[in-house]
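Novice: mmCIF, C-alpha atoms, file start.cif:
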```
data_my_file
#
loop_
_atom_site.label_atom_id
_atom_site.label_comp_id
_atom_site.auth_asym_id
_atom_site.auth_seq_id
_atom_site.Cartn_x
_atom_site.Cartn_y
_atom_site.Cartn_z
CA MET A 68 137.12 67.01 -48.34
CA SER A 69 135.63 64.46 -50.69
CA SER A 70 136.59 64.39 -54.35
CA ALA A 71 133.60 66.55 -55.24
CA GLY A 72 134.94 69.36 -53.03
CA ALA A 73 132.26 68.90 -50.37
CA HIS A 74 132.76 68.13 -46.71
CA ASP A 75 131.99 64.51 -45.90
CA LEU A 76 129.71 65.59 -43.05
CA VAL A 77 128.26 68.85 -41.80
CA VAL A 78 126.59 68.67 -38.38
CA VAL A 79 124.22 71.47 -37.44
CA GLY A 80 124.19 72.12 -33.70
CA ALA A 81 126.84 71.83 -30.98
CA GLY A 82 124.64 70.46 -28.27
CA ILE A 83 125.64 67.12 -26.86
CA VAL A 84 123.84 65.13 -29.58
CA GLY A 85 125.41 67.05 -32.47
CA LEU A 86 128.88 66.76 -30.95
CA ALA A 87 128.38 63.04 -30.33
CA VAL A 88 127.35 62.59 -33.98
CA ALA A 89 130.55 64.28 -35.16
CA ARG A 90 132.60 62.06 -32.83
CA GLU A 91 130.86 58.88 -34.01
CA TRP A 92 131.46 59.74 -37.65
CA THR A 93 135.10 60.63 -37.04
CA GLN A 94 135.75 57.42 -35.12
CA ARG A 95 134.41 55.39 -38.01
CA ARG A 96 136.10 57.52 -40.68
CA PRO A 97 139.18 59.18 -39.20
CA ASP A 98 140.18 60.83 -42.48
CA ALA A 99 136.76 62.37 -43.15
CA SER A 100 136.22 66.11 -43.46
CA VAL A 101 133.73 67.00 -40.71
CA VAL A 102 132.37 70.42 -39.77
CA VAL A 103 130.13 71.29 -36.80
CA VAL A 104 128.21 74.56 -37.18
CA GLU A 105 126.73 76.31 -34.13
CA ARG A 106 125.10 79.72 -33.95
CA GLU A 107 126.04 80.30 -30.29
CA ASP A 108 129.58 81.21 -29.24
CA ALA A 109 130.11 78.01 -27.24
CA PRO A 110 128.70 74.48 -27.02
CA ALA A 111 125.78 73.31 -24.87
CA ARG A 112 124.05 76.69 -24.63
CA HIS A 113 120.48 75.36 -24.68
CA GLN A 114 118.98 71.99 -23.67
CA THR A 115 122.37 70.39 -22.92
CA GLY A 116 123.39 73.20 -20.60
CA HIS A 117 120.05 73.81 -18.90
CA ASN A 118 118.81 70.32 -18.04
CA SER A 119 118.83 68.61 -14.63
CA GLY A 120 122.11 66.79 -15.22
CA VAL A 121 120.52 63.36 -14.73
CA VAL A 122 121.76 60.19 -16.41
CA HIS A 123 118.38 58.53 -16.85
CA GLY A 124 117.83 54.82 -16.35
CA GLY A 125 115.29 54.11 -19.12
CA ILE A 126 112.25 53.27 -16.98
CA TYR A 127 109.56 55.50 -18.42
CA TYR A 128 109.71 54.80 -22.13
CA GLN A 129 107.47 52.61 -24.25
CA PRO A 130 109.23 49.26 -24.84
CA GLY A 131 110.50 49.06 -28.40
CA SER A 132 110.69 52.84 -28.80
CA LEU A 133 113.91 54.62 -29.70
CA LYS A 134 113.96 56.21 -26.24
CA ALA A 135 113.71 52.82 -24.55
CA ARG A 136 116.40 51.26 -26.70
CA LEU A 137 118.84 54.13 -26.73
CA CYS A 138 118.54 55.37 -23.14
CA VAL A 139 119.83 52.20 -21.43
CA ASP A 140 122.68 51.82 -23.91
CA GLY A 141 123.33 55.56 -23.87
CA ALA A 142 123.65 55.63 -20.07
CA ARG A 143 126.29 52.90 -20.22
CA LEU A 144 128.23 54.78 -22.89
CA MET A 145 127.91 58.07 -21.00
CA TYR A 146 129.36 56.57 -17.83
CA GLU A 147 132.19 54.98 -19.82
CA TYR A 148 133.00 58.32 -21.49
CA CYS A 149 133.00 60.17 -18.17
CA GLU A 150 135.22 57.56 -16.53
CA HIS A 151 137.67 57.64 -19.43
CA HIS A 152 137.90 61.45 -19.45
CA ALA A 153 137.66 61.98 -15.66
CA ILE A 154 134.43 63.99 -15.95
CA SER A 155 132.51 64.37 -12.69
CA HIS A 156 129.65 61.89 -12.39
CA GLU A 157 127.98 59.72 -9.76
CA ARG A 158 125.68 56.69 -9.87
CA CYS A 159 123.66 57.95 -6.93
CA GLY A 160 120.41 56.13 -7.79
CA LYS A 161 116.85 57.34 -7.64
CA LEU A 162 113.50 56.43 -6.15
CA ILE A 163 110.15 56.77 -7.91
CA VAL A 164 107.83 56.99 -4.92
CA ALA A 165 104.13 56.15 -4.72
CA VAL A 166 102.52 58.00 -1.83
CA SER A 167 98.91 56.87 -2.35
CA ALA A 168 97.14 53.62 -3.21
CA GLU A 169 95.95 55.19 -6.48
CA GLU A 170 99.55 55.46 -7.66
CA LEU A 171 100.46 51.82 -7.10
CA GLY A 172 98.92 50.66 -10.38
CA ARG A 173 100.96 53.23 -12.28
CA LEU A 174 104.05 52.07 -10.39
CA ASP A 175 103.25 48.53 -11.60
CA ASP A 176 103.16 49.81 -15.18
CA LEU A 177 106.50 51.59 -14.76
CA GLN A 178 108.05 48.47 -13.28
CA GLU A 179 106.90 46.42 -16.27
CA ARG A 180 108.37 48.98 -18.65
CA GLY A 181 111.64 49.07 -16.77
CA ILE A 182 111.95 45.29 -16.86
CA ALA A 183 111.09 45.20 -20.57
CA ASN A 184 113.72 47.88 -21.20
CA ALA A 185 116.39 45.95 -19.25
CA VAL A 186 117.01 48.78 -16.78
CA PRO A 187 119.98 47.65 -14.65
CA GLY A 188 119.21 46.76 -11.04
CA LEU A 189 115.63 48.00 -11.03
CA ARG A 190 113.58 46.65 -8.11
CA ARG A 191 110.41 47.30 -6.14
CA ILE A 192 110.79 48.26 -2.48
CA GLY A 193 108.50 48.96 0.46
CA ALA A 194 108.21 51.81 2.97
CA GLN A 195 110.97 50.55 5.26
CA GLU A 196 113.54 50.30 2.50
CA ILE A 197 112.53 53.72 1.14
CA ALA A 198 113.51 55.13 4.54
CA GLU A 199 116.78 53.19 4.51
CA ILE A 200 117.78 54.56 1.10
CA GLU A 201 116.40 58.07 1.61
CA PRO A 202 115.88 58.76 5.35
CA ASN A 203 113.92 61.96 4.68
CA ALA A 204 111.50 60.37 2.21
CA VAL A 205 108.20 58.59 2.79
CA GLY A 206 106.01 56.46 0.55
CA LEU A 207 103.98 53.30 0.35
CA GLN A 208 106.21 51.68 -2.24
CA ALA A 209 108.87 52.78 -4.72
CA LEU A 210 110.98 51.70 -7.64
CA HIS A 211 114.69 51.91 -6.90
CA ALA A 212 116.92 52.51 -9.93
CA PRO A 213 120.52 52.31 -8.64
CA ASN A 214 122.12 52.96 -12.05
CA THR A 215 120.47 56.38 -12.46
CA GLY A 216 123.02 59.09 -11.84
CA ILE A 217 124.17 62.65 -12.24
CA VAL A 218 126.79 64.23 -14.50
CA ASP A 219 128.11 67.57 -15.69
CA TYR A 220 126.76 67.60 -19.26
CA PRO A 221 128.36 70.94 -20.22
CA ALA A 222 131.72 69.42 -19.20
CA VAL A 223 130.97 66.44 -21.46
CA ALA A 224 130.24 68.85 -24.31
CA ARG A 225 133.46 70.82 -23.74
CA THR A 226 135.46 67.58 -23.66
CA LEU A 227 133.84 66.50 -26.92
CA VAL A 228 134.80 69.80 -28.58
CA ALA A 229 138.41 69.35 -27.45
CA GLU A 230 138.42 65.75 -28.69
CA LEU A 231 136.93 66.73 -32.04
CA THR A 232 139.37 69.61 -32.49
CA ALA A 233 142.28 67.27 -31.82
CA ALA A 234 140.87 64.90 -34.46
CA GLY A 235 140.77 67.65 -37.07
CA VAL A 236 137.07 68.45 -36.93
CA SER A 237 136.22 72.09 -37.57
CA THR A 238 133.83 73.50 -34.95
CA ARG A 239 132.49 76.82 -36.14
CA PHE A 240 130.83 78.76 -33.34
CA GLY A 241 128.97 82.01 -33.89
CA THR A 242 127.78 80.71 -37.26
CA GLU A 243 124.06 80.37 -37.81
CA VAL A 244 122.60 78.01 -40.38
CA THR A 245 119.92 79.85 -42.33
CA ALA A 246 118.84 77.08 -44.73
CA ILE A 247 119.76 73.68 -46.14
CA GLU A 248 118.97 72.87 -49.74
CA GLY A 249 119.58 70.08 -52.24
CA ALA A 250 118.59 66.66 -50.92
CA GLU A 251 121.19 64.78 -52.99
CA ASN A 252 123.90 67.45 -53.14
CA PRO A 253 123.32 69.46 -49.96
CA ILE A 254 124.39 73.04 -49.49
CA VAL A 255 124.27 74.40 -45.94
CA HIS A 256 123.75 78.15 -46.03
CA THR A 257 125.26 79.95 -43.06
CA THR A 258 125.89 83.51 -41.94
CA SER A 259 129.55 82.89 -42.83
CA GLY A 260 128.84 81.56 -46.30
CA PRO A 261 127.71 78.28 -47.87
CA LEU A 262 129.11 74.84 -47.05
CA ARG A 263 128.87 71.99 -49.54
CA ALA A 264 128.34 68.60 -47.93
CA HIS A 265 128.12 64.97 -48.89
CA THR A 266 125.94 64.36 -45.80
CA VAL A 267 124.15 66.71 -43.39
CA ILE A 268 122.84 65.74 -39.96
CA ALA A 269 120.88 68.52 -38.27
CA CYS A 270 120.62 68.39 -34.47
CA ALA A 271 119.06 71.81 -34.02
CA GLY A 272 117.11 71.18 -30.82
CA LEU A 273 114.66 73.97 -30.10
CA TRP A 274 114.83 75.14 -33.70
CA ALA A 275 114.80 71.68 -35.33
CA ASP A 276 111.41 71.96 -36.99
CA ARG A 277 112.10 75.39 -38.44
CA LEU A 278 115.33 74.27 -40.05
CA ALA A 279 113.70 71.08 -41.34
CA ARG A 280 110.91 73.07 -43.00
CA ARG A 281 113.46 75.25 -44.74
CA ALA A 282 114.96 72.06 -46.17
CA GLY A 283 111.57 70.98 -47.54
CA ALA A 284 110.33 68.77 -44.68
CA PRO A 285 106.69 68.89 -43.55
CA ARG A 286 105.68 71.15 -40.69
CA ASP A 287 104.30 68.25 -38.64
CA PRO A 288 105.45 67.81 -35.88
CA GLN A 289 106.22 71.28 -34.61
CA ILE A 290 108.38 72.24 -31.66
CA VAL A 291 106.49 73.99 -28.87
CA PRO A 292 108.69 75.28 -26.03
CA PHE A 293 107.97 74.25 -22.43
CA ARG A 294 109.87 76.05 -19.69
CA GLY A 295 111.04 74.01 -16.73
CA ALA A 296 111.96 75.98 -13.59
CA TYR A 297 114.02 74.69 -10.68
CA LEU A 298 114.32 76.09 -7.13
CA GLY A 299 117.42 75.59 -4.98
CA LEU A 300 117.37 74.16 -1.46
CA ARG A 301 119.56 75.30 1.40
CA PRO A 302 122.47 73.04 2.34
CA THR A 303 122.03 71.09 5.56
CA ASP A 304 124.48 69.69 8.11
CA SER A 305 123.67 66.14 7.04
CA PRO A 306 122.76 65.36 3.41
CA ARG A 307 119.14 66.10 2.60
CA LEU A 308 119.08 63.19 0.18
CA ASN A 309 121.49 60.59 -1.15
CA GLY A 310 120.31 60.51 -4.76
CA MET A 311 117.06 61.59 -6.38
CA ILE A 312 113.40 61.28 -5.47
CA TYR A 313 110.71 61.39 -8.15
CA PRO A 314 106.92 61.18 -7.96
CA VAL A 315 104.92 58.68 -10.00
CA PRO A 316 104.31 60.66 -13.22
CA ASN A 317 101.10 61.27 -15.11
CA PRO A 318 101.23 58.52 -17.78
CA GLU A 319 99.52 60.76 -20.36
CA LEU A 320 102.33 63.33 -20.30
CA PRO A 321 106.02 63.15 -21.24
CA PHE A 322 106.93 65.20 -18.14
CA LEU A 323 108.06 63.62 -14.87
CA GLY A 324 106.62 65.99 -12.27
CA VAL A 325 108.35 68.01 -9.54
CA HIS A 326 111.22 65.95 -8.15
CA ILE A 327 114.16 66.48 -5.81
CA THR A 328 117.54 66.14 -7.49
CA LYS A 329 121.08 66.18 -6.23
CA HIS A 330 123.51 67.73 -8.70
CA ILE A 331 127.14 66.97 -9.36
CA THR A 332 128.02 70.26 -7.62
CA GLY A 333 126.35 69.03 -4.42
CA ASP A 334 123.46 71.46 -4.85
CA VAL A 335 119.90 70.16 -4.45
CA THR A 336 116.93 71.45 -6.43
CA LEU A 337 113.17 71.07 -6.68
CA GLY A 338 111.66 70.94 -10.14
CA PRO A 339 111.03 71.24 -12.94
CA THR A 340 107.72 72.71 -13.89
CA ALA A 341 106.53 72.29 -17.48
CA MET A 342 104.84 75.47 -18.68
CA MET A 343 104.25 76.42 -22.31
CA VAL A 344 106.05 79.72 -22.98
CA GLY A 345 106.31 82.41 -25.64
CA ALA A 346 109.93 81.94 -26.72
CA ARG A 347 112.14 79.01 -27.54
CA ASP A 348 114.85 80.49 -25.32
CA ALA A 349 112.56 81.67 -22.49
CA TYR A 350 115.02 81.03 -19.68
CA SER A 351 113.39 84.08 -18.11
CA LEU A 352 109.60 84.32 -17.95
CA ARG A 353 109.95 87.88 -19.23
CA ARG A 354 111.44 86.63 -22.50
CA LEU A 355 108.98 86.82 -25.39
CA ASN A 356 109.64 86.24 -29.08
CA PHE A 357 106.90 87.25 -31.49
CA ARG A 358 107.76 84.66 -34.15
CA ASP A 359 108.00 81.82 -31.62
CA SER A 360 104.70 82.83 -30.03
CA TRP A 361 102.95 83.15 -33.37
CA GLU A 362 104.12 79.73 -34.57
CA THR A 363 102.95 78.13 -31.32
CA LEU A 364 99.54 79.82 -31.39
CA ALA A 365 99.02 79.18 -35.11
CA TRP A 366 99.70 75.46 -34.75
CA PRO A 367 96.44 73.44 -34.47
CA GLY A 368 98.13 70.90 -32.22
CA THR A 369 98.77 73.56 -29.58
CA TRP A 370 95.05 74.21 -29.10
CA ARG A 371 94.24 70.50 -29.05
CA VAL A 372 96.82 69.99 -26.30
CA ALA A 373 95.44 72.98 -24.39
CA ARG A 374 91.89 71.64 -24.51
CA ARG A 375 92.98 68.17 -23.42
CA TYR A 376 95.28 69.21 -20.58
CA TRP A 377 93.96 72.59 -19.44
CA ARG A 378 93.84 71.47 -15.80
CA VAL A 379 97.53 70.54 -15.97
CA GLY A 380 98.23 73.94 -17.51
CA VAL A 381 96.48 75.71 -14.65
CA ASP A 382 98.58 73.77 -12.15
CA GLU A 383 101.78 74.72 -13.97
CA ILE A 384 100.83 78.41 -13.98
CA ARG A 385 100.09 78.14 -10.25
CA MET A 386 103.55 76.68 -9.59
CA ALA A 387 105.19 79.35 -11.72
CA ALA A 388 103.48 81.98 -9.58
CA SER A 389 103.88 80.30 -6.18
CA ARG A 390 106.99 78.83 -4.57
CA GLN A 391 104.70 77.38 -1.93
CA ALA A 392 103.05 75.23 -4.63
CA PHE A 393 106.49 73.89 -5.60
CA VAL A 394 107.30 72.99 -2.02
CA THR A 395 103.88 71.44 -1.40
CA ALA A 396 104.32 69.14 -4.41
CA ALA A 397 107.68 67.87 -3.14
CA ALA A 398 106.57 67.65 0.49
CA ARG A 399 104.20 64.80 -0.45
CA TYR A 400 107.20 62.48 -0.44
CA MET A 401 109.61 64.55 1.70
CA PRO A 402 107.52 65.68 4.68
CA GLY A 403 108.69 68.69 6.61
CA LEU A 404 109.91 70.53 3.53
CA THR A 405 108.91 74.21 3.87
CA LEU A 406 109.51 77.55 2.20
CA ALA A 407 112.28 78.15 4.73
CA ASP A 408 114.26 75.36 3.06
CA LEU A 409 114.56 77.30 -0.20
CA ASP A 410 117.83 79.19 -0.68
CA GLY A 411 116.36 81.82 -3.00
CA SER A 412 118.13 80.56 -6.12
CA SER A 413 116.43 79.39 -9.29
CA HIS A 414 117.27 78.44 -12.84
CA ALA A 415 115.35 77.25 -15.86
CA GLY A 416 115.61 75.23 -19.02
CA VAL A 417 113.39 75.02 -22.08
CA ARG A 418 112.29 71.64 -23.40
CA ALA A 419 111.92 71.29 -27.18
CA GLN A 420 108.68 69.30 -27.20
CA ALA A 421 107.34 68.21 -30.56
CA ILE A 422 103.54 68.38 -30.88
CA GLY A 423 101.67 66.75 -33.74
CA ARG A 424 98.94 68.49 -35.71
CA ASP A 425 96.49 66.13 -33.99
CA GLY A 426 97.53 67.42 -30.56
CA SER A 427 99.73 64.45 -29.66
CA LEU A 428 102.69 65.13 -27.41
CA VAL A 429 105.35 63.22 -29.34
CA ASP A 430 106.96 60.88 -26.80
CA ASP A 431 109.82 59.39 -28.78
CA PHE A 432 112.87 60.58 -30.64
CA VAL A 433 111.89 61.49 -34.20
CA ILE A 434 114.41 61.29 -37.03
CA SER A 435 113.53 62.23 -40.60
CA ARG A 436 115.59 61.88 -43.74
CA ASN A 437 115.45 63.47 -47.16
CA GLY A 438 118.19 62.20 -49.44
CA ARG A 439 121.52 63.02 -47.81
CA ILE A 440 119.98 65.34 -45.19
CA SER A 441 118.81 63.97 -41.83
CA HIS A 442 116.97 65.92 -39.15
CA VAL A 443 116.49 65.10 -35.49
CA ARG A 444 112.94 66.45 -35.22
CA ASN A 445 112.30 65.55 -31.56
CA ALA A 446 115.01 64.91 -28.98
CA PRO A 447 114.00 66.08 -25.50
CA SER A 448 114.90 64.13 -22.37
CA PRO A 449 116.56 61.59 -22.28
CA ALA A 450 118.51 62.85 -25.31
CA ALA A 451 121.53 63.92 -23.25
CA THR A 452 121.70 60.52 -21.54
CA SER A 453 121.24 58.81 -24.91
CA ALA A 454 123.61 61.07 -26.86
CA PHE A 455 126.28 58.50 -27.78
CA ALA A 456 123.75 55.77 -28.60
CA LEU A 457 121.57 58.22 -30.55
CA ALA A 458 124.63 59.36 -32.49
CA SER A 459 125.40 55.75 -33.44
CA GLU A 460 121.77 55.29 -34.55
CA LEU A 461 121.92 58.42 -36.73
CA VAL A 462 125.20 57.46 -38.38
CA ASP A 463 123.98 53.89 -38.92
CA ARG A 464 120.92 55.21 -40.75
CA VAL A 465 123.02 57.39 -43.01
CA THR A 466 125.79 54.94 -43.77
CA GLY A 467 123.94 51.60 -43.52
#
```
Represent the structure of the file as structure tokens.

Specialist:
Amino acid sequence: MSSAGAHDLVVVGAGIVGLAVAREWTQRRPDASVVVVEREDAPARHQTGHNSGVVHGGIYYQPGSLKARLCVDGARLMYEYCEHHAISHERCGKLIVAVSAEELGRLDDLQERGIANAVPGLRRIGAQEIAEIEPNAVGLQALHAPNTGIVDYPAVARTLVAELTAAGVSTRFGTEVTAIEGAENPIVHTTSGPLRAHTVIACAGLWADRLARRAGAPRDPQIVPFRGAYLGLRPTDSPRLNGMIYPVPNPELPFLGVHITKHITGDVTLGPTAMMVGARDAYSLRRLNFRDSWETLAWPGTWRVARRYWRVGVDEIRMAASRQAFVTAAARYMPGLTLADLDGSSHAGVRAQAIGRDGSLVDDFVISRNGRISHVRNAPSPAATSAFALASELVDRVTG
């Protein structure tokens, strides 16, 4: 501990970003006293452990944004970490496929963004090359991102915990942070007692806004949970796809549409949807939390989003209710896909999407700071891909 009896750093949250922050700090200051506090009994229990497992390339994000800058660098660091620690990963590549003339202009825009963001190997291809890369796919044109890949993010998180433990970092699972007070001399209140800290970095994911408010931060933006469901496909004698196939997304939304993804296990899924739900841990549609629902419904931004995108919301409800709608969406670029191809399995994640009071869907990482307390207020996809680069950014801001 520091001379004042406080830990040098307390990290709130043992998702992949929080663990990467603790690692970054420890690498820079090996003798520092660092504590990671996590309310669950193991790491990666929420967004890290329920995402699609994709190492994103950095194509979609506004040039100059944190997402654009940190995703490309983060992907490089993620691959390096996995190679060093023998964690399963594969640079399998992905296609973003335009299936209609109306989508070609949006593909142009994505290509420009990808070039501006220095996405490795990105190139435009035609119908013939689409078929060469993905024999079961069709499209007019596509962007091919060969550096996009897949990884076992929970395995990354477990490796980080082992690395941190070996370095003397205390990881305290089953310990919930109830409040943080004192901007210049922080005290982190937990269910196991208070922790004094020289610096606090809160990476609380789905509960980030709530914890920030308790520390005196403004309510805006607020986290609104969006559930993303995935359906499994049956294995086939020959591979159904070699990498990943994505549609051209709606540029007004931070969601990427129903895509087909190969996972590091060899499984293939369709998804995800993006439906607003009534609990921040609504991995089941039956899960409802009164406080979460009330905060979502009482937030003016929620209603502004609903009015602006009600047609999208109807489509998401339809897909939640109908597996046929899922399959139809994917069959646009993989013809022949039918309900019979589903294996009956499904899983879901919940995206912590920050929404502004004005109804804006916040489409960049948001970091706020009050004295010696920093909060990651918005870190949905590609936060897992960007984890090591985002951790460096956070520590730079605190120590620079």

Novice: Do you have, as JSON lines, the list of residues of range 349-399 of chain A lying at most 7 Å from range 426-439 of chain A, each with its nearest atom pair and that distance in Å to one decimal, counting all atoms listed in the file and ordered by chain then number?

Specialist:
```
{"residue": "A:Gly368", "atom": "CA", "partner": "A:Gly426", "partner_atom": "CA", "distance": 3.9}
{"residue": "A:Thr369", "atom": "CA", "partner": "A:Gly426", "partner_atom": "CA", "distance": 6.3}
{"residue": "A:Arg371", "atom": "CA", "partner": "A:Gly426", "partner_atom": "CA", "distance": 4.8}
{"residue": "A:Val372", "atom": "CA", "partner": "A:Gly426", "partner_atom": "CA", "distance": 5.0}
```

Novice: How many Å separate CA of Leu323 in chain A from CA of Gly116 in chain A?

Specialist: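 Answer for the CA of Leu323 in chain A to CA of Gly116 in chain A separation: 19.0 Å.
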
Novice: Once the PyMOL selection byres ((chain A and resi 373-375) around 12) has been evaluated on this model, what residues remain selected, and can you format them as a PDB file with C-alpha atoms, in the frame of the given file?

Specialist:
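Output contents, as saved in out-v7.pdb:
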```pdb
ATOM      1  CA  VAL A 291     106.490  73.990 -28.870  1.00  0.00           C
ATOM      2  CA  GLU A 319      99.520  60.760 -20.360  1.00  0.00           C
ATOM      3  CA  LEU A 320     102.330  63.330 -20.300  1.00  0.00           C
ATOM      4  CA  MET A 342     104.840  75.470 -18.680  1.00  0.00           C
ATOM      5  CA  MET A 343     104.250  76.420 -22.310  1.00  0.00           C
ATOM      6  CA  THR A 363     102.950  78.130 -31.320  1.00  0.00           C
ATOM      7  CA  LEU A 364      99.540  79.820 -31.390  1.00  0.00           C
ATOM      8  CA  TRP A 366      99.700  75.460 -34.750  1.00  0.00           C
ATOM      9  CA  PRO A 367      96.440  73.440 -34.470  1.00  0.00           C
ATOM     10  CA  GLY A 368      98.130  70.900 -32.220  1.00  0.00           C
ATOM     11  CA  THR A 369      98.770  73.560 -29.580  1.00  0.00           C
ATOM     12  CA  TRP A 370      95.050  74.210 -29.100  1.00  0.00           C
ATOM     13  CA  ARG A 371      94.240  70.500 -29.050  1.00  0.00           C
ATOM     14  CA  VAL A 372      96.820  69.990 -26.300  1.00  0.00           C
ATOM     15  CA  TYR A 376      95.280  69.210 -20.580  1.00  0.00           C
ATOM     16  CA  TRP A 377      93.960  72.590 -19.440  1.00  0.00           C
ATOM     17  CA  ARG A 378      93.840  71.470 -15.800  1.00  0.00           C
ATOM     18  CA  VAL A 379      97.530  70.540 -15.970  1.00  0.00           C
ATOM     19  CA  GLY A 380      98.230  73.940 -17.510  1.00  0.00           C
ATOM     20  CA  VAL A 381      96.480  75.710 -14.650  1.00  0.00           C
ATOM     21  CA  ILE A 422     103.540  68.380 -30.880  1.00  0.00           C
ATOM     22  CA  ASP A 425      96.490  66.130 -33.990  1.00  0.00           C
ATOM     23  CA  GLY A 426      97.530  67.420 -30.560  1.00  0.00           C
ATOM     24  CA  SER A 427      99.730  64.450 -29.660  1.00  0.00           C
ATOM     25  CA  LEU A 428     102.690  65.130 -27.410  1.00  0.00           C
TER      26      LEU A 428
END
```

Novice: Name all residues at most 9 Å from Val244 in chain A (count all atoms listed in the file; drop same-chain ones fewer than 6 positions away) and give them as a list of chain:residue names.

Specialist: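 Contacts, in chain order: A:Val79, A:Val104, A:Glu105, A:Arg106, A:Val255, A:His256, A:Thr257, A:Thr258, A:Ser259, A:Leu278.
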
Novice: What residues come out when you apply the PyMOL selection byres ((chain A and resi 447-454) around 7) to this file, written as a list in words?

Specialist: Ile83, Val84, Ala87, Thr115, Val122, His123, Leu137, Cys138, Gly141, Ala142, Met145, Arg418, Ala419, Gln420, Asn445, Ala446, Phe455, Ala456, Leu457 and Ala458 of chain A

Novice: Would you kindly translate the PyMOL selection byres ((chain A and resi 285) around 12) into the concrete residues it picks from this file, as a short mmCIF file (atom, residue, chain, number, x, y, z; two decimals) with C-alpha atoms, keeping the file's coordinate frame?

Specialist:
```
data_model
loop_
_atom_site.label_atom_id
_atom_site.label_comp_id
_atom_site.auth_asym_id
_atom_site.auth_seq_id
_atom_site.Cartn_x
_atom_site.Cartn_y
_atom_site.Cartn_z
CA ALA A 275 114.80 71.68 -35.33
CA ASP A 276 111.41 71.96 -36.99
CA ARG A 277 112.10 75.39 -38.44
CA LEU A 278 115.33 74.27 -40.05
CA ALA A 279 113.70 71.08 -41.34
CA ARG A 280 110.91 73.07 -43.00
CA ARG A 281 113.46 75.25 -44.74
CA ALA A 282 114.96 72.06 -46.17
CA GLY A 283 111.57 70.98 -47.54
CA ALA A 284 110.33 68.77 -44.68
CA ARG A 286 105.68 71.15 -40.69
CA ASP A 287 104.30 68.25 -38.64
CA PRO A 288 105.45 67.81 -35.88
CA GLN A 289 106.22 71.28 -34.61
CA GLY A 423 101.67 66.75 -33.74
CA ARG A 424 98.94 68.49 -35.71
CA SER A 435 113.53 62.23 -40.60
CA ARG A 436 115.59 61.88 -43.74
CA ASN A 437 115.45 63.47 -47.16
CA HIS A 442 116.97 65.92 -39.15
CA ARG A 444 112.94 66.45 -35.22
#
```

Novice: Using all atoms listed in the file, find the one residue out of A:Leu76, A:Met311, A:Val218, A:Ala271 that sits nearest to Val465 in chain A.

Specialist: A:Leu76

Novice: Which distance in Å separates CA of Asn184 in chain A and CA of Ala397 in chain A, to one decimal?

Specialist: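 These two atoms are separated by 27.6 Å.
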
Novice: Work out how far CA of Leu162 in chain A is from CA of Glu199 in chain A, in Å to one decimal.

Specialist: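 One can read the CA of Glu199 in chain A to CA of Leu162 in chain A distance as 11.6 Å.
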
Novice: Would you mind telling me which residue in A:Gly411, A:Leu337, A:Ala111, A:Ile327 lies nearest to Ala392 in chain A when using all atoms listed in the file?

Specialist: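 The answer is A:Leu337, which sits nearest to Ala392 in chain A.
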
Novice: Taking all atoms listed in the file into account, which of A:Ile217, A:Ala296, A:Ala99, A:Ala234 comes nearest Thr332 in chain A?

Specialist: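 Selected residue with least distance to Thr332 in chain A: A:Ile217.
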
Novice: Using all atoms listed in the file, can you tell me which of A:Ala341, A:Val103, A:Thr395, A:Arg390 comes closest to Thr238 in chain A?

Specialist: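 Counting all atoms listed in the file, the residue closest to Thr238 in chain A is A:Val103.
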
Novice: Using all atoms listed in the file, determine which residues lie at most 9 Å from Leu308 in chain A, disregarding the query and same-chain residues fewer than 2 positions distant; provide the list as a PyMOL selection string.

Specialist: chain A and resi 200-204+305-306+310-312+327-329+335

Novice: Kindly indicate which residue among A:Val267, A:Val325, A:Cys159, A:Leu300 lies nearest to Leu404 in chain A, using all atoms listed in the file for the distances.

Specialist: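 Among the listed residues, the smallest separation from Leu404 in chain A belongs to A:Leu300.
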
Novice: Taking only C-alpha atoms into account, name the residue in A:Gln195, A:Thr303, A:Gln94, A:Thr466 that is nearest to His265 in chain A.

Specialist: A:Thr466

Novice: Once 6 Å is added on each side, what centre and edge lengths in Å to one decimal does the axis-aligned box around all listed atoms of range 184-195 of chain A have, as AutoDock Vina command-line options?

Specialist:
```
--center_x 114.1 --center_y 48.9 --center_z -8.0 --size_x 23.8 --size_y 17.9 --size_z 38.5
```

Novice: Using only C-alpha atoms, give me every residue within 10 Å of (127.5, 67.9, -42.4) in file coordinates, as a list in words.

Specialist: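 The residues near that point, listed by chain and number, are Ala73, His74, Asp75, Leu76, Val77, Val78, Val79, Val88, Ala89, Ser100, Val101, Val102, Val103, Val104, Pro253, Ile254, Val255, Leu262, Arg263, Ala264, His265, Thr266, Val267, Ile268, Ala269, Arg439, Ile440 and Ser441 of chain A.
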
Novice: For Ala135 in chain A, find every residue with an atom within 7 Å (counting all atoms listed in the file), except residues of its own chain fewer than 6 positions away, and show them as number ranges by chain.

Specialist: A: 125, 128-129, 184
